[in-house]
>>> print(open('my_file08.cif').read())   # mmCIF, C-alpha atoms
data_my_file
loop_
_atom_site.label_atom_id
_atom_site.label_comp_id
_atom_site.auth_asym_id
_atom_site.auth_seq_id
_atom_site.Cartn_x
_atom_site.Cartn_y
_atom_site.Cartn_z
CA MET A 1 4.82 14.66 -9.30
CA THR A 2 4.48 11.40 -11.10
CA LYS A 3 0.98 10.56 -12.20
CA ARG A 4 -0.51 7.62 -10.41
CA THR A 5 -3.53 5.60 -11.30
CA SER A 6 -5.94 6.29 -8.51
CA MET A 7 -9.24 4.85 -9.57
CA LEU A 8 -11.07 6.83 -6.94
CA ARG A 9 -9.72 10.10 -8.30
CA ASP A 10 -10.59 9.12 -11.84
CA THR A 11 -14.22 8.63 -10.94
CA THR A 12 -16.43 11.58 -11.70
CA ILE A 13 -19.63 12.68 -10.00
CA SER A 14 -21.55 12.18 -13.25
CA GLU A 15 -20.41 8.56 -13.32
CA LEU A 16 -21.64 8.14 -9.80
CA CYS A 17 -25.01 9.64 -10.72
CA ARG A 18 -25.28 7.41 -13.79
CA SER A 19 -24.45 4.40 -11.71
CA ASP A 20 -27.10 5.26 -9.15
CA ALA A 21 -29.63 6.08 -11.85
CA ALA A 22 -29.00 2.71 -13.46
CA GLY A 23 -30.09 1.17 -10.19
CA GLU A 24 -26.91 -0.87 -9.79
CA ALA A 25 -27.00 -2.91 -6.61
CA ALA A 26 -24.86 -1.63 -3.75
CA VAL A 27 -21.79 -3.70 -2.99
CA GLU A 28 -21.70 -4.98 0.56
CA PHE A 29 -18.80 -3.55 2.54
CA VAL A 30 -17.41 -4.36 5.95
CA LEU A 31 -19.26 -1.33 7.38
CA ASP A 32 -22.56 0.25 6.41
CA GLU A 33 -22.52 3.85 5.22
CA ASP A 34 -23.37 5.47 8.55
CA ALA A 35 -20.78 3.45 10.44
CA PHE A 36 -18.22 4.24 7.75
CA ARG A 37 -18.91 7.97 7.96
CA GLY A 38 -18.31 7.94 11.69
CA PHE A 39 -15.16 5.87 11.38
CA TYR A 40 -13.84 8.09 8.59
CA GLU A 41 -14.46 11.27 10.59
CA ARG A 42 -12.60 9.81 13.56
CA THR A 43 -9.59 8.43 11.69
CA ALA A 44 -9.05 10.18 8.35
CA ARG A 45 -7.10 13.21 9.55
CA GLY A 46 -4.75 11.23 11.76
CA LEU A 47 -4.25 8.65 9.03
CA TRP A 48 -3.50 11.36 6.48
CA ALA A 49 -0.88 12.90 8.78
CA TYR A 50 0.67 9.45 9.23
CA LEU A 51 0.79 8.94 5.46
CA VAL A 52 2.36 12.36 4.94
CA ARG A 53 5.06 11.43 7.43
CA LEU A 54 5.62 8.06 5.80
CA THR A 55 5.69 9.21 2.19
CA GLY A 56 6.93 12.77 2.56
CA SER A 57 4.30 13.99 0.13
CA ARG A 58 0.86 15.47 0.67
CA GLU A 59 -0.27 14.43 -2.80
CA GLN A 60 0.74 10.84 -2.24
CA ALA A 61 -0.97 10.92 1.13
CA ASP A 62 -4.18 12.16 -0.55
CA ASP A 63 -4.17 9.26 -2.99
CA LEU A 64 -3.12 6.65 -0.48
CA LEU A 65 -5.74 7.78 2.01
CA GLN A 66 -8.56 7.08 -0.41
CA GLU A 67 -6.99 3.84 -1.53
CA THR A 68 -6.56 2.78 2.10
CA PHE A 69 -10.22 3.34 2.93
CA TYR A 70 -11.29 1.55 -0.23
CA ARG A 71 -9.18 -1.51 0.57
CA PHE A 72 -10.34 -1.43 4.16
CA LEU A 73 -13.97 -1.51 3.03
CA ARG A 74 -13.30 -4.29 0.54
CA ALA A 75 -11.22 -6.41 2.91
CA GLY A 76 -14.29 -7.89 4.54
CA SER A 77 -12.49 -8.54 7.82
CA GLU A 78 -14.43 -8.72 11.05
CA HIS A 79 -13.18 -6.37 13.76
CA GLU A 80 -13.63 -6.90 17.46
CA ASN A 81 -13.68 -3.20 18.32
CA GLU A 82 -12.75 0.28 17.16
CA ALA A 83 -9.07 -0.14 18.10
CA HIS A 84 -8.83 -3.35 16.08
CA ARG A 85 -10.53 -1.67 13.13
CA ARG A 86 -8.17 1.27 13.38
CA ASN A 87 -5.11 -1.01 13.50
CA SER A 88 -6.34 -2.77 10.42
CA LEU A 89 -6.69 0.57 8.63
CA TYR A 90 -3.17 1.65 9.58
CA ARG A 91 -1.73 -1.69 8.51
CA ILE A 92 -3.28 -1.29 5.06
CA ALA A 93 -1.92 2.27 4.86
CA THR A 94 1.55 1.14 5.90
CA ASN A 95 1.62 -1.56 3.24
CA LEU A 96 0.35 0.80 0.56
CA ALA A 97 2.97 3.39 1.47
CA ARG A 98 5.67 0.72 1.28
CA ASP A 99 4.47 -0.42 -2.15
CA GLU A 100 4.32 3.18 -3.34
CA ARG A 101 7.87 3.76 -2.12
CA ARG A 102 9.08 0.74 -4.09
CA ARG A 103 7.38 2.01 -7.21
CA ASP A 104 8.94 5.43 -6.59
CA VAL A 105 12.39 3.88 -6.45
CA VAL A 106 11.81 2.23 -9.82
CA ARG A 107 10.45 5.46 -11.30
CA ARG A 108 13.43 7.38 -9.94
CA ILE A 109 15.86 4.90 -11.44
CA LEU A 110 14.09 5.00 -14.78
CA SER A 111 13.78 8.78 -14.96
CA GLY A 112 16.86 9.88 -13.00
CA ALA A 113 14.61 12.40 -11.23
CA GLU A 114 15.12 13.75 -7.73
CA VAL A 115 12.68 12.69 -5.07
CA GLU A 116 10.52 15.26 -3.38
CA GLY A 117 12.06 15.93 0.02
CA ILE A 118 10.20 15.56 3.27
CA ALA A 119 11.66 18.85 4.46
CA SER A 120 9.58 20.61 1.81
CA LEU A 121 6.43 19.72 3.76
CA GLU A 122 6.78 22.46 6.27
CA GLY A 123 6.03 26.11 6.05
CA GLY A 124 4.92 28.93 8.33
CA GLY A 125 4.80 29.00 12.12
CA ASP A 126 7.85 27.60 13.85
CA ALA A 127 9.34 26.78 10.48
CA GLU A 128 12.84 26.08 11.74
CA GLY A 129 11.73 23.60 14.38
CA LYS A 130 9.41 21.87 11.93
CA ALA A 131 12.12 21.68 9.33
CA ASP A 132 14.41 20.06 11.91
CA LEU A 133 11.73 17.49 12.66
CA SER A 134 11.17 16.84 8.97
CA ARG A 135 14.86 16.55 8.23
CA ALA A 136 15.30 14.15 11.13
CA MET A 137 12.33 12.08 9.95
CA ALA A 138 13.69 12.04 6.42
CA SER A 139 16.96 10.59 7.72
CA LEU A 140 15.17 7.60 9.20
CA ARG A 141 14.17 4.40 7.48
CA PRO A 142 10.47 4.24 6.56
CA ARG A 143 9.82 1.58 9.18
CA GLU A 144 11.49 3.72 11.83
CA ARG A 145 9.36 6.69 10.82
CA ALA A 146 6.24 4.57 11.08
CA MET A 147 7.17 3.16 14.49
CA LEU A 148 8.04 6.51 16.02
CA TRP A 149 5.02 8.30 14.65
CA LEU A 150 2.66 5.57 15.81
CA ALA A 151 4.25 5.46 19.26
CA TYR A 152 4.80 9.14 20.01
CA ALA A 153 2.29 10.98 17.84
CA GLU A 154 -0.57 8.45 17.77
CA GLY A 155 0.08 6.93 21.19
CA ALA A 156 -0.26 3.37 19.89
CA THR A 157 0.71 0.43 22.09
CA HIS A 158 3.63 -1.84 21.26
CA GLU A 159 1.26 -4.60 20.19
CA GLU A 160 -0.62 -2.24 17.91
CA ILE A 161 2.58 -0.95 16.34
CA ALA A 162 3.93 -4.47 15.83
CA GLY A 163 0.68 -5.47 14.11
CA THR A 164 0.68 -2.39 11.93
CA ILE A 165 4.23 -2.60 10.64
CA GLY A 166 4.34 -6.40 10.55
CA VAL A 167 7.00 -7.34 13.09
CA ARG A 168 6.89 -9.69 16.06
CA PRO A 169 5.79 -7.91 19.25
CA GLY A 170 8.85 -9.33 20.98
CA SER A 171 11.17 -7.53 18.56
CA LEU A 172 9.43 -4.21 18.75
CA LYS A 173 10.98 -2.88 21.95
CA THR A 174 14.47 -3.25 20.54
CA LEU A 175 13.53 -1.79 17.16
CA LEU A 176 11.75 1.11 18.79
CA PHE A 177 14.67 1.71 21.12
CA ARG A 178 17.10 1.95 18.18
CA ALA A 179 14.82 4.20 16.16
CA ARG A 180 14.24 6.48 19.15
CA ARG A 181 17.97 6.73 19.87
CA LYS A 182 18.63 7.63 16.28
CA MET A 183 15.85 10.22 16.17
CA ALA A 184 16.86 11.80 19.47
CA GLY A 185 20.42 11.99 18.18
CA LEU A 186 19.29 13.64 14.97
CA LEU A 187 17.12 16.13 16.84
CA SER A 188 19.96 17.10 19.11
CA GLY A 189 22.10 17.70 16.07
CA GLY A 190 24.47 14.74 16.22
CA ALA A 191 24.48 11.06 15.48
CA ARG A 192 24.50 8.65 18.42
CA MET B 1 21.98 -7.13 28.93
CA LYS B 2 21.37 -3.67 27.55
CA ARG B 3 18.17 -1.97 28.65
CA VAL B 4 15.88 -1.11 25.74
CA ALA B 5 12.78 0.00 27.67
CA CYS B 6 11.92 1.78 30.89
CA GLU B 7 8.86 1.30 33.05
CA PHE B 8 8.33 5.08 33.18
CA GLU B 9 8.12 5.57 29.39
CA ALA B 10 4.34 5.83 29.39
CA ASP B 11 4.43 8.33 32.26
CA VAL B 12 6.99 10.44 30.42
CA LEU B 13 4.84 10.37 27.30
CA ARG B 14 1.81 11.54 29.28
CA ALA B 15 3.91 14.25 30.92
CA VAL B 16 5.05 15.56 27.54
CA TRP B 17 1.54 15.54 26.10
CA GLY B 18 0.03 17.12 29.18
CA SER B 19 2.97 19.50 29.80
CA GLN B 20 2.87 18.48 33.45
CA TRP B 21 5.98 16.96 35.00
CA PRO B 22 5.76 15.64 38.55
CA GLU B 23 9.03 16.32 40.32
CA GLU B 24 9.84 12.62 40.81
CA LEU B 25 9.38 11.90 37.13
CA ARG B 26 11.47 14.88 36.13
CA THR B 27 14.28 13.69 38.37
CA HIS B 28 14.05 10.18 36.97
CA ALA B 29 13.96 11.36 33.35
CA ALA B 30 17.01 13.53 33.87
CA GLY B 31 19.05 10.46 34.74
CA CYS B 32 17.47 7.88 32.40
CA ASP B 33 18.71 7.77 28.81
CA ILE B 34 15.61 5.96 27.61
CA CYS B 35 13.19 8.46 29.14
CA LYS B 36 15.31 11.34 27.90
CA ASP B 37 14.97 10.01 24.36
CA VAL B 38 11.24 9.46 24.80
CA ALA B 39 10.85 13.03 26.00
CA ALA B 40 12.93 14.40 23.12
CA VAL B 41 11.06 12.50 20.41
CA ALA B 42 7.58 12.94 21.88
CA GLY B 43 8.35 16.62 22.47
CA ALA B 44 9.32 17.06 18.81
CA PHE B 45 6.09 15.38 17.70
CA ASP B 46 3.97 17.25 20.22
CA GLY B 47 1.55 19.39 18.28
CA ALA B 48 3.01 18.32 14.92
CA ARG B 49 0.34 15.67 14.46
CA GLU B 50 -2.54 18.04 15.22
CA GLU B 51 -1.10 20.77 13.06
CA LEU B 52 -0.45 18.47 10.14
CA ALA B 53 -3.80 16.70 10.47
CA GLY B 54 -5.54 20.07 10.74
CA SER B 55 -4.04 21.21 7.45
CA ALA B 56 -5.47 18.24 5.54
CA GLU B 57 -8.03 18.93 2.83
CA LEU B 58 -9.88 15.67 2.77
CA PRO B 59 -12.81 14.55 0.65
CA ASP B 60 -15.93 14.09 2.72
CA ALA B 61 -16.88 10.65 3.94
CA GLY B 62 -19.93 10.43 1.67
CA ARG B 63 -17.87 10.99 -1.44
CA VAL B 64 -15.29 8.40 -0.44
CA TRP B 65 -18.10 5.96 0.27
CA ARG B 66 -19.84 6.53 -3.06
CA MET B 67 -16.62 6.33 -5.05
CA SER B 68 -15.69 3.13 -3.27
CA GLN B 69 -19.09 1.70 -4.11
CA LEU B 70 -18.71 2.57 -7.79
CA ARG B 71 -15.21 1.14 -7.94
CA ALA B 72 -16.33 -2.04 -6.21
CA ARG B 73 -19.17 -2.44 -8.72
CA ARG B 74 -16.77 -2.00 -11.63
CA GLU B 75 -14.38 -4.54 -10.18
CA ALA B 76 -17.19 -7.00 -9.56
CA VAL B 77 -18.24 -6.70 -13.20
CA ARG B 78 -14.66 -7.17 -14.38
CA VAL B 79 -14.04 -10.15 -12.15
CA ALA B 80 -17.31 -11.73 -13.27
CA GLY B 81 -16.24 -11.21 -16.88
CA ARG B 82 -12.86 -12.85 -16.55
CA PRO B 83 -13.99 -16.49 -16.21
CA ILE B 84 -16.31 -15.96 -19.17
CA THR B 85 -13.36 -14.76 -21.23
CA ALA B 86 -11.32 -17.80 -20.25
CA VAL B 87 -14.20 -20.13 -21.11
CA GLN B 88 -14.58 -18.35 -24.45
CA VAL B 89 -10.90 -18.89 -25.26
CA ILE B 90 -11.13 -22.58 -24.40
CA ALA B 91 -14.33 -22.95 -26.41
CA PHE B 92 -12.76 -21.23 -29.42
CA ALA B 93 -9.70 -23.49 -29.27
CA GLY B 94 -11.91 -26.56 -28.95
CA ALA B 95 -14.15 -25.50 -31.83
CA THR B 96 -11.14 -24.80 -34.05
CA GLY B 97 -9.74 -28.25 -33.27
CA LEU B 98 -13.05 -29.90 -34.04
CA ILE B 99 -13.44 -28.05 -37.34
CA GLY B 100 -9.88 -29.02 -38.29
CA ALA B 101 -10.50 -32.67 -37.44
CA PHE B 102 -13.77 -32.67 -39.37
CA PHE B 103 -12.12 -31.03 -42.36
CA GLY B 104 -9.23 -33.51 -42.24
CA ALA B 105 -11.57 -36.46 -42.06
CA THR B 106 -13.90 -35.38 -44.86
CA SER B 107 -11.79 -33.44 -47.34
CA GLU B 108 -10.56 -35.65 -50.20
CA TRP B 109 -8.01 -33.16 -51.51
CA PHE B 110 -6.58 -32.64 -48.03
CA GLN B 111 -6.15 -36.39 -47.57
CA ALA B 112 -4.51 -36.63 -50.98
CA LEU B 113 -2.18 -33.79 -50.04
CA VAL B 114 -1.20 -35.55 -46.81
CA LYS B 115 -0.37 -38.69 -48.74
CA ARG B 116 1.90 -36.76 -51.09
CA VAL B 117 3.83 -35.06 -48.30
CA ASP B 118 6.86 -36.93 -47.05
CA LEU B 119 5.84 -37.09 -43.37
CA ALA B 120 8.84 -39.15 -42.39
CA GLY B 121 11.19 -36.64 -44.00
CA ALA B 122 9.32 -33.72 -42.42
CA SER B 123 9.50 -35.22 -38.94
CA THR B 124 13.23 -35.92 -39.38
CA ALA B 125 13.81 -32.31 -40.40
CA LEU B 126 11.77 -31.14 -37.41
CA MET B 127 13.78 -33.28 -35.03
CA LYS B 128 16.98 -31.90 -36.52
CA VAL B 129 15.83 -28.31 -35.91
CA LEU B 130 14.86 -29.20 -32.34
CA VAL B 131 18.23 -30.78 -31.63
CA GLU B 132 20.26 -27.96 -33.18
CA HIS B 133 18.17 -25.05 -31.89
CA GLY B 134 16.51 -26.65 -28.87
CA ALA B 135 17.22 -23.78 -26.49
CA PHE B 136 15.92 -21.19 -28.94
CA VAL B 137 12.77 -23.17 -29.71
CA GLY B 138 12.23 -23.80 -26.01
CA GLY B 139 12.66 -20.10 -25.26
CA MET B 140 10.21 -19.12 -27.96
CA ALA B 141 7.69 -21.66 -26.72
CA ALA B 142 8.08 -20.34 -23.18
CA ILE B 143 7.52 -16.77 -24.36
CA VAL B 144 4.45 -17.78 -26.32
CA LEU B 145 3.05 -19.45 -23.22
CA LEU B 146 4.24 -16.98 -20.57
CA VAL B 147 3.44 -13.64 -22.20
CA PRO B 148 -0.32 -14.20 -22.42
CA THR B 149 -0.27 -15.59 -18.88
CA ALA B 150 1.64 -12.57 -17.57
CA VAL B 151 -0.71 -10.18 -19.37
CA TYR B 152 -3.71 -12.02 -17.92
CA VAL B 153 -2.29 -11.88 -14.40
CA ALA B 154 -1.31 -8.21 -14.71
CA MET B 155 -4.76 -7.26 -15.97
CA GLY B 156 -6.29 -9.22 -13.17
CA ARG B 157 -4.31 -7.24 -10.60
CA GLU B 158 -5.25 -3.81 -11.92
#
>>> encode(input="my_file08.cif", output="structure tokens")
Amino acid sequence: MTKRTSMLRDTTISELCRSDAAGEAAVEFVLDEDAFRGFYERTARGLWAYLVRLTGSREQADDLLQETFYRFLRAGSEHENEAHRRNSLYRIATNLARDERRRDVVRRILSGAEVEGIASLEGGGDAEGKADLSRAMASLRPRERAMLWLAYAEGATHEEIAGTIGVRPGSLKTLLFRARRKMAGLLSGGAR
Amino acid sequence: MKRVACEFEADVLRAVWGSQWPEELRTHAAGCDICKDVAAVAGAFDGAREELAGSAELPDAGRVWRMSQLRARREAVRVAGRPITAVQVIAFAGATGLIGAFFGATSEWFQALVKRVDLAGASTALMKVLVEHGAFVGGMAAIVLLVPTAVYVAMGRE
């Protein structure tokens, strides 16, 4: 996999200890540490699964997850409630995944390398069924993947999905309808 | 107008997730293309999210918090340093200009040299170069101006 510059990954524990020992003042984030811990525990796994489905790579999802939480903390936005906070987090993740995909396209063009397939994500259990799901997902556009996953795996509302992927709520029903038709067609083994 | 949504979608979704299909809903879904698609897609995702999420090996919240703190501190230091760097560049350029002006005003040999140089001839030659190679000179000037700006912006984004 191509090396990315994840500043969080590059940070070592000894650097953290040095920083604390130096008595550097804490940076104020949108949440305090306890609130962040709770929010992270509630959202990180679902967000990671979403990122895996969007990017098709567990490694990318690992990096993007940390980057997403960092940007969320730094954004300084006020949130009305947990759902609003969660939408904000997913919107950041969606944008990061899109940017990463664009960089991947450039890297692929420059190197002529094959892209890691989404179908390679699955293994064990009902491997055939999972591979079908992965292949079907891989055939969709990234925005379609995001919409369907948010709607039918996360149970997000239309308004939440529209906010996350950056489309008008009025357009979402039609977009979701098309994506769902396409996915159902792929799952049943034929194009519709 | 083509139907793109059905009022029973949410019920179908709940039925798939809960594996409980009331007879009426089952009958409806069997004859509704939209609900059939919802059932197919939601059924394919059913369990996939939990299984995938369960397989994640995530860093703990405390580590993510502490790393974010350290990164934010580093960025704050870098951002604070950038205006100082810009001020330093401006100050250096200003100081160089002042020294040059002072030197030009006080140095006898420099003034004598200026008198000996054919300024009119030099400016004519310069104008000739500009007219003949205007595009090239303009391009070079743009590069000289744009490259440092682009580097500055790129470094600022990192």
>>> interface_residues(input="my_file08.cif", of="chain A", to="chain B", cutoff="7 Å", atoms="only C-alpha atoms", output="JSON, numbers by chain")
{"A": [8, 11, 16, 26, 27, 33, 37, 40, 45, 46, 48, 49, 66, 70, 133, 152, 153, 173, 174, 177, 180, 181, 183, 184]}
>>> residues_around(input="my_file08.cif", residues="Leu89 in chain A", least_positions_apart="5", cutoff="9 Å", atoms="all atoms listed in the file", output="list in words")
Thr43, Leu47, Thr68, Phe69, Arg71, Phe72, His84, Thr94 and Thr164 of chain A
>>> residues_near_point(input="my_file08.cif", point="(-4.2, -4.4, 21.7)", cutoff="12 Å", atoms="only C-alpha atoms", output="list in words")
Glu80, Asn81, Glu82, Ala83, His84, Arg85, Arg86, Asn87, Ser88, Ala156, Thr157, His158, Glu159, Glu160, Ile161, Ala162, Gly163, Thr164 and Pro169 of chain A
>>> atom_distance(input="my_file08.cif", atom1="CA of Gly138 in chain B", atom2="CA of Ser123 in chain B")
17.5 Å
>>> atom_distance(input="my_file08.cif", atom1="CA of Leu140 in chain A", atom2="CA of Leu54 in chain A")
10.1 Å
>>> atom_distance(input="my_file08.cif", atom1="CA of Ile92 in chain A", atom2="CA of Val79 in chain B")
22.1 Å
>>> residues_around(input="my_file08.cif", residues="Thr55 in chain A", least_positions_apart="3", cutoff="12 Å", atoms="all atoms listed in the file", output="ChimeraX atom specification")
/A:48-52,58-65,93-104,115-119,121,134,137-138,140-143,145-146
>>> build_atoms(input="my_file08.cif", residues="range 83-104 of chain A", atoms="N, CA and C atoms", output="mmCIF file, in the frame of the given file")
data_model
loop_
_atom_site.group_PDB
_atom_site.id
_atom_site.type_symbol
_atom_site.label_atom_id
_atom_site.label_comp_id
_atom_site.auth_asym_id
_atom_site.auth_seq_id
_atom_site.Cartn_x
_atom_site.Cartn_y
_atom_site.Cartn_z
ATOM 1 N N ALA A 83 -10.547 -0.135 18.128
ATOM 2 C CA ALA A 83 -9.070 -0.140 18.100
ATOM 3 C C ALA A 83 -8.570 -1.160 17.073
ATOM 4 N N HIS A 84 -9.209 -2.306 17.027
ATOM 5 C CA HIS A 84 -8.830 -3.350 16.080
ATOM 6 C C HIS A 84 -9.065 -2.861 14.638
ATOM 7 N N ARG A 85 -10.191 -2.204 14.452
ATOM 8 C CA ARG A 85 -10.530 -1.670 13.130
ATOM 9 C C ARG A 85 -9.501 -0.622 12.705
ATOM 10 N N ARG A 86 -9.129 0.204 13.652
ATOM 11 C CA ARG A 86 -8.170 1.270 13.380
ATOM 12 C C ARG A 86 -6.791 0.677 13.040
ATOM 13 N N ASN A 87 -6.394 -0.361 13.782
ATOM 14 C CA ASN A 87 -5.110 -1.010 13.500
ATOM 15 C C ASN A 87 -5.092 -1.591 12.094
ATOM 16 N N SER A 88 -6.217 -2.174 11.746
ATOM 17 C CA SER A 88 -6.340 -2.770 10.420
ATOM 18 C C SER A 88 -6.161 -1.698 9.340
ATOM 19 N N LEU A 89 -6.785 -0.562 9.572
ATOM 20 C CA LEU A 89 -6.690 0.570 8.630
ATOM 21 C C LEU A 89 -5.233 1.036 8.498
ATOM 22 N N TYR A 90 -4.558 1.182 9.609
ATOM 23 C CA TYR A 90 -3.170 1.650 9.580
ATOM 24 C C TYR A 90 -2.241 0.613 8.950
ATOM 25 N N ARG A 91 -2.558 -0.658 9.136
ATOM 26 C CA ARG A 91 -1.730 -1.690 8.510
ATOM 27 C C ARG A 91 -1.848 -1.612 6.986
ATOM 28 N N ILE A 92 -3.071 -1.424 6.503
ATOM 29 C CA ILE A 92 -3.280 -1.290 5.060
ATOM 30 C C ILE A 92 -2.503 -0.072 4.549
ATOM 31 N N ALA A 93 -2.611 1.039 5.282
ATOM 32 C CA ALA A 93 -1.920 2.270 4.860
ATOM 33 C C ALA A 93 -0.406 2.060 4.836
ATOM 34 N N THR A 94 0.103 1.379 5.832
ATOM 35 C CA THR A 94 1.550 1.140 5.900
ATOM 36 C C THR A 94 2.012 0.315 4.706
ATOM 37 N N ASN A 95 1.247 -0.716 4.376
ATOM 38 C CA ASN A 95 1.620 -1.560 3.240
ATOM 39 C C ASN A 95 1.522 -0.804 1.919
ATOM 40 N N LEU A 96 0.493 0.014 1.791
ATOM 41 C CA LEU A 96 0.350 0.800 0.560
ATOM 42 C C LEU A 96 1.496 1.791 0.411
ATOM 43 N N ALA A 97 1.864 2.423 1.518
ATOM 44 C CA ALA A 97 2.970 3.390 1.470
ATOM 45 C C ALA A 97 4.271 2.686 1.091
ATOM 46 N N ARG A 98 4.451 1.487 1.609
ATOM 47 C CA ARG A 98 5.670 0.720 1.280
ATOM 48 C C ARG A 98 5.680 0.370 -0.210
ATOM 49 N N ASP A 99 4.541 -0.083 -0.722
ATOM 50 C CA ASP A 99 4.470 -0.420 -2.150
ATOM 51 C C ASP A 99 4.728 0.817 -3.012
ATOM 52 N N GLU A 100 4.156 1.932 -2.588
ATOM 53 C CA GLU A 100 4.320 3.180 -3.340
ATOM 54 C C GLU A 100 5.784 3.598 -3.357
ATOM 55 N N ARG A 101 6.449 3.411 -2.222
ATOM 56 C CA ARG A 101 7.870 3.760 -2.120
ATOM 57 C C ARG A 101 8.696 2.911 -3.087
ATOM 58 N N ARG A 102 8.342 1.627 -3.163
ATOM 59 C CA ARG A 102 9.080 0.740 -4.090
ATOM 60 C C ARG A 102 8.876 1.178 -5.523
ATOM 61 N N ARG A 103 7.629 1.543 -5.843
ATOM 62 C CA ARG A 103 7.380 2.010 -7.210
ATOM 63 C C ARG A 103 8.140 3.302 -7.472
ATOM 64 N N ASP A 104 8.211 4.165 -6.463
ATOM 65 C CA ASP A 104 8.940 5.430 -6.590
ATOM 66 C C ASP A 104 10.408 5.191 -6.898
#
